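Below is one structure, written out as structure tokens; comments come after it.
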Amino acid sequence: MLTDRPGRTRRWRAAAAVPAGALPALAFPAPALWWSGYVALVPWMLLLRTAPSGRRAALEGWLGGTGFVLAVHHWLLPSLHVFLLPLAALLALLWIPWALLVRQLLGGSPGAGRAAAALVLVPAGWLLSELARSWEGLGGPWGLLGAGQWQVPAALRLASVGGVWLLSLLVVAVNCALVLLIAVPAARLPALAGVTGCAVLTGAVWLWAPRPELSGGLRVAVVQPGVVGGADSVEQRFAVGERLTRALAGQRLDLVVWGESSVGADPAARPDLTRRLAALSAELDAPLLVNVDARGADRPGIYKSSVLVGPHGPTGPRYDKMRLVPFGEYVPARSALGWATSVGKAAGEDRRRGTAPVLMALPDRPEVRIGPLVCFESAFPDMTRRLARDGADLLVAQSATSTFQDSWAPAQHASLAALRAAEAGRPMVHATLTGISVVHGPSGERIGRPLPVWASGTAVYDVPLAHGSTLYARFGAWPVAAALLSLAGYGAVAAAGRLRNRPAQAPTGPPARTARG
């Protein structure tokens, strides 16, 4: 009896690609198995290197990418519902070039030269997919592989040199070396050299990379009202925040931070709210950084704005959120995709964007400047870098993840503060409505105890300030530029090789005439 063995093999490989691509999600919170990141890509890469054709590698790269997106972003399901699946399938297309690169460089029996090239180019190809999906319109840089290393001190030091991008490169390079050690015995020497190189680089950065210079500090309180429901939840949330803040009197604070959407009306249109906030500031002898999510009294549309309030009311410039969450705060191409509002919890009305970052000086300590961000923006390394270069002493992200309260989202979001602090060399406060609220120092180290999910309360942190500049703050995403240059060089060499190997064409002119005698 004949059996369809090739067909069964193809189906088995396709079924294996999805969970293989999903494995790296274990490195991120809530599992937070950071060490798994260094081995999680191995099964997927072993599958891709043995793909019988480029078309098959592309398919398995796409399937694995779909598994990765669904695993890392599964908590979006209550908001996007069935729309999450086509979104994951669309984003997964970005992994196809990487899958083809894995098959080309790791397939068969690569020699030392091809194995060494793979240790550089395979991580570069992965970084290319991360760079593409980091565009705000595709969801932003959430779930970058290097972000799974947020709790490792040595990794945070590397982030201060090359940002999360350098971490992603090293994590993929270690996975690539393990694939060579497992599947290609002849390439063990370059594989061991690659792992050794990663270890030497980490040690060198730990010993010699510039560290933030500590200089003074701030006493900062975070107010987390917790989950507040009901028809008048906006007013109730404000009242809870007011009550919790008043209990901080006598703490000798420099700043009090409320979470995203903590004020549901524009203070310019609600003088009573302004008076209540100003009274709190006067009672505590400290300014309040609140977040207004409301239609502007003097401008059209809804903005999410960070506002610093002192004893006499709002002080200094307000910051309007610049990068909005696709579908959560606006619907891309609403005329075509507006139906998403009837399927999930997509924004019924598009929020308006701010135009520029803002620094806010503390009223009683004008030499100390705050760089505010709102929620999703803490995922973007370039935004905190810009604020640090502009002179921010303290980075503050005001967030709200109550929609995803029982998922991995709050922990994933809170972990980003460690990376942003380490990259910029500035402390960062991550203040939320319903948890997790956390503070990290200028090297990414955690300060004090976080306010967990579901907690309603306050926490006071002695936050160290720092001066000086990290290498990442100075030079930006240079690992991305290096990866793009290496891929471009590889493409140029491959194209030149194809030209050299192209067979010479026979002459096409008319046949030569011969004399007849």
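Residue numbering restarts at 1 for every chain of the structure tokens, chains are lettered A, B, ... in their displayed order, and ligands are numbered from 1 as they appear.
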
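Residue neighbourhood of region 89-104 of chain A, excluding near-sequence residues (fewer than 3 positions): Leu48, Arg49, Ala57, Ala58, Gly61, Trp62, Gly65, Thr66, Pro86, Gly107, Gly125, Trp126 and Ser129 of chain A, at 6 Å, using only C-alpha atoms.
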
Residue selection dump (N, CA, C and O atoms) as a PDB file, in the first residue's frame:
ATOM      1  N   LEU A  48      14.132  25.401   9.719  1.00  0.00           N
ATOM      2  CA  LEU A  48      14.333  26.211   8.514  1.00  0.00           C
ATOM      3  C   LEU A  48      15.559  25.769   7.724  1.00  0.00           C
ATOM      4  O   LEU A  48      15.547  25.781   6.490  1.00  0.00           O
ATOM      5  N   ARG A  49      16.628  25.373   8.411  1.00  0.00           N
ATOM      6  CA  ARG A  49      17.858  25.010   7.695  1.00  0.00           C
ATOM      7  C   ARG A  49      17.687  23.732   6.876  1.00  0.00           C
ATOM      8  O   ARG A  49      18.446  23.483   5.934  1.00  0.00           O
ATOM      9  N   ALA A  57      10.978  27.136   2.984  1.00  0.00           N
ATOM     10  CA  ALA A  57      11.548  27.928   4.072  1.00  0.00           C
ATOM     11  C   ALA A  57      10.736  29.194   4.299  1.00  0.00           C
ATOM     12  O   ALA A  57      10.497  29.604   5.445  1.00  0.00           O
ATOM     13  N   ALA A  58      10.293  29.825   3.210  1.00  0.00           N
ATOM     14  CA  ALA A  58       9.475  31.028   3.341  1.00  0.00           C
ATOM     15  C   ALA A  58       8.164  30.711   4.057  1.00  0.00           C
ATOM     16  O   ALA A  58       7.719  31.468   4.938  1.00  0.00           O
ATOM     17  N   GLY A  61       8.928  30.058   7.702  1.00  0.00           N
ATOM     18  CA  GLY A  61       9.254  31.314   8.354  1.00  0.00           C
ATOM     19  C   GLY A  61       8.009  32.126   8.646  1.00  0.00           C
ATOM     20  O   GLY A  61       7.864  32.718   9.724  1.00  0.00           O
ATOM     21  N   TRP A  62       7.079  32.133   7.686  1.00  0.00           N
ATOM     22  CA  TRP A  62       5.821  32.853   7.876  1.00  0.00           C
ATOM     23  C   TRP A  62       4.985  32.220   8.986  1.00  0.00           C
ATOM     24  O   TRP A  62       4.444  32.924   9.845  1.00  0.00           O
ATOM     25  N   GLY A  65       6.618  32.985  12.292  1.00  0.00           N
ATOM     26  CA  GLY A  65       6.374  34.382  12.643  1.00  0.00           C
ATOM     27  C   GLY A  65       4.964  34.596  13.159  1.00  0.00           C
ATOM     28  O   GLY A  65       4.734  35.376  14.101  1.00  0.00           O
ATOM     29  N   THR A  66       3.995  33.907  12.553  1.00  0.00           N
ATOM     30  CA  THR A  66       2.618  33.992  13.043  1.00  0.00           C
ATOM     31  C   THR A  66       2.529  33.476  14.475  1.00  0.00           C
ATOM     32  O   THR A  66       1.880  34.087  15.329  1.00  0.00           O
ATOM     33  N   PRO A  86      -5.536  37.699  11.381  1.00  0.00           N
ATOM     34  CA  PRO A  86      -4.987  38.272  10.143  1.00  0.00           C
ATOM     35  C   PRO A  86      -3.885  39.291  10.411  1.00  0.00           C
ATOM     36  O   PRO A  86      -2.964  39.430   9.604  1.00  0.00           O
ATOM     37  N   GLY A 107      21.950  25.935   5.943  1.00  0.00           N
ATOM     38  CA  GLY A 107      21.524  24.682   5.332  1.00  0.00           C
ATOM     39  C   GLY A 107      22.699  23.859   4.820  1.00  0.00           C
ATOM     40  O   GLY A 107      23.793  24.384   4.555  1.00  0.00           O
ATOM     41  N   GLY A 125      19.687  39.689   9.905  1.00  0.00           N
ATOM     42  CA  GLY A 125      18.394  39.478   9.252  1.00  0.00           C
ATOM     43  C   GLY A 125      17.240  39.524  10.229  1.00  0.00           C
ATOM     44  O   GLY A 125      16.171  40.059   9.922  1.00  0.00           O
ATOM     45  N   TRP A 126      17.450  38.957  11.416  1.00  0.00           N
ATOM     46  CA  TRP A 126      16.400  39.031  12.442  1.00  0.00           C
ATOM     47  C   TRP A 126      16.159  40.491  12.833  1.00  0.00           C
ATOM     48  O   TRP A 126      15.011  40.922  12.986  1.00  0.00           O
ATOM     49  N   SER A 129      13.837  42.372  10.559  1.00  0.00           N
ATOM     50  CA  SER A 129      12.399  42.159  10.792  1.00  0.00           C
ATOM     51  C   SER A 129      11.926  42.959  12.001  1.00  0.00           C
ATOM     52  O   SER A 129      10.816  43.509  12.000  1.00  0.00           O
TER      53      SER A 129
END

Note to self: List the spatial neighbours of Leu289 (chain A) as a list in words - criterion: any atom at most 7 Å away, only C-alpha atoms, same-chain residues fewer than 2 positions off excluded.
What the structure shows: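 Counting only C-alpha atoms, the residues come to Val256, Val257, Trp258, Pro287, Asn291, Ser306, Val307, Leu308 and Val309 of chain A.
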
Can I get the residues of region 84-143 of chain A within 8 Å of region 378-382 of chain A, each with the closest pair of atoms and their distance in Å to one decimal, using only C-alpha atoms, sorted chain first then ascending number, as a Markdown table?
| residue | atom | partner | partner_atom | distance |
| --- | --- | --- | --- | --- |
| A:Gly140 | CA | A:Ala379 | CA | 7.2 |
| A:Pro141 | CA | A:Ala379 | CA | 5.9 |
| A:Trp142 | CA | A:Ala379 | CA | 6.1 |

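Among the candidate residues A:Val184, A:Leu87, A:Ala154, A:Leu170, the one lying nearest to Leu119 (chain A) is A:Leu170, with distances computed using only C-alpha atoms.
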
Note to self: As an exercise, work out the distance from CA of Asp390 (chain A) to CA of Ala411 (chain A) in Å and give it to one decimal place.
What the structure shows: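 Answer for the CA of Asp390 (chain A) to CA of Ala411 (chain A) separation: 28.8 Å.
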
Note to self: Excluding Ser437 (chain A) and its own-chain neighbours fewer than 3 positions away, which residues fall within 7 Å of it when counting only C-alpha atoms? Please give them as a ChimeraX atom specification.
What the structure shows: /A:414,430-432,450-452

Take the residues that were just selected and, keeping C-alpha atoms, output them as a PDB file, in the first residue's frame.
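Okay, again-v4.pdb is ready:
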ATOM      1  CA  ALA A 414       6.503  47.590  33.101  1.00  0.00           C
ATOM      2  CA  HIS A 430       6.382  53.875  35.167  1.00  0.00           C
ATOM      3  CA  ALA A 431       3.105  54.974  36.783  1.00  0.00           C
ATOM      4  CA  THR A 432      -0.140  53.172  35.994  1.00  0.00           C
ATOM      5  CA  PRO A 450       6.548  47.832  42.561  1.00  0.00           C
ATOM      6  CA  LEU A 451       2.823  48.361  43.008  1.00  0.00           C
ATOM      7  CA  PRO A 452       1.335  45.109  41.684  1.00  0.00           C
TER       8      PRO A 452
END

Notebook entry, point to check: In terms of the shortest atom-to-atom distance over only C-alpha atoms, which of A:Leu433, A:Trp44, A:Ala473, A:Glu130 is closest to Phe238 (chain A)?
Noted result: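 Under the stated criterion, the closest residue is A:Leu433.
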
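Distance check against Gly137 (chain A) using only C-alpha atoms: of A:Ala496, A:Arg365, A:Arg323, A:Trp408, the minimum falls on A:Arg323.
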
Note to self: With only C-alpha atoms as the counted atoms, please give the residues lying no more than 12 Å from Thr274 (chain A), apart from itself and same-chain residues fewer than 5 positions off, as a list of chain:residue names.
What the structure shows: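 In the requested form, the answer reads A:Phe238, A:Val263, A:Ala265, A:Asp266, A:Pro267, A:Ala268, A:Ala269, A:Ala279, A:Leu280, A:Ser281, A:Leu288, A:Val290, A:Val292, A:Val307, A:Leu308, A:Val309, A:Gly310, A:Pro311, A:His312, A:Gly313, A:Pro314, A:Thr315.
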
Next item on the list: Step one, run DSSP on the backbone; step two, keep only residues of region 224-422 of chain A assigned to helix (DSSP H, G or I); then write them as an MDAnalysis selection string.
Entry: chainID A and resid 233:246 271:284 334:337 340:343 375:379 381:390 402:404 409:422

Margin query: When you look at Val195 (chain A) with a cut-off of 9 Å (counting only C-alpha atoms), what residues show up, excluding the ones that are within fewer than 6 positions of it in the same chain? I need them as a ChimeraX atom specification.
Written below: /A:173-174,177-178

What would the file look like if the residues just selected were written as a CSV table (one decimal), in the first residue's frame with all heavy atoms?
chain,number,residue,atom,x,y,z
A,173,ALA,N,22.6,35.6,17.8
A,173,ALA,CA,23.9,35.1,17.5
A,173,ALA,C,24.2,33.8,18.4
A,173,ALA,O,24.7,32.8,17.9
A,173,ALA,CB,25.0,36.1,17.8
A,174,VAL,N,23.8,33.9,19.6
A,174,VAL,CA,24.0,32.7,20.5
A,174,VAL,C,23.1,31.5,20.0
A,174,VAL,O,23.6,30.4,19.9
A,174,VAL,CB,23.7,33.0,22.0
A,174,VAL,CG1,23.7,31.7,22.8
A,174,VAL,CG2,24.7,34.0,22.5
A,177,ALA,N,24.8,30.0,17.0
A,177,ALA,CA,26.0,29.2,17.3
A,177,ALA,C,25.5,27.9,17.8
A,177,ALA,O,26.2,26.8,17.5
A,177,ALA,CB,26.8,30.0,18.4
A,178,LEU,N,24.5,27.8,18.6
A,178,LEU,CA,24.0,26.5,19.1
A,178,LEU,C,23.5,25.6,18.0
A,178,LEU,O,23.7,24.4,18.0
A,178,LEU,CB,22.8,26.8,20.1
A,178,LEU,CG,23.3,27.4,21.5
A,178,LEU,CD1,22.0,27.6,22.3
A,178,LEU,CD2,24.2,26.5,22.2
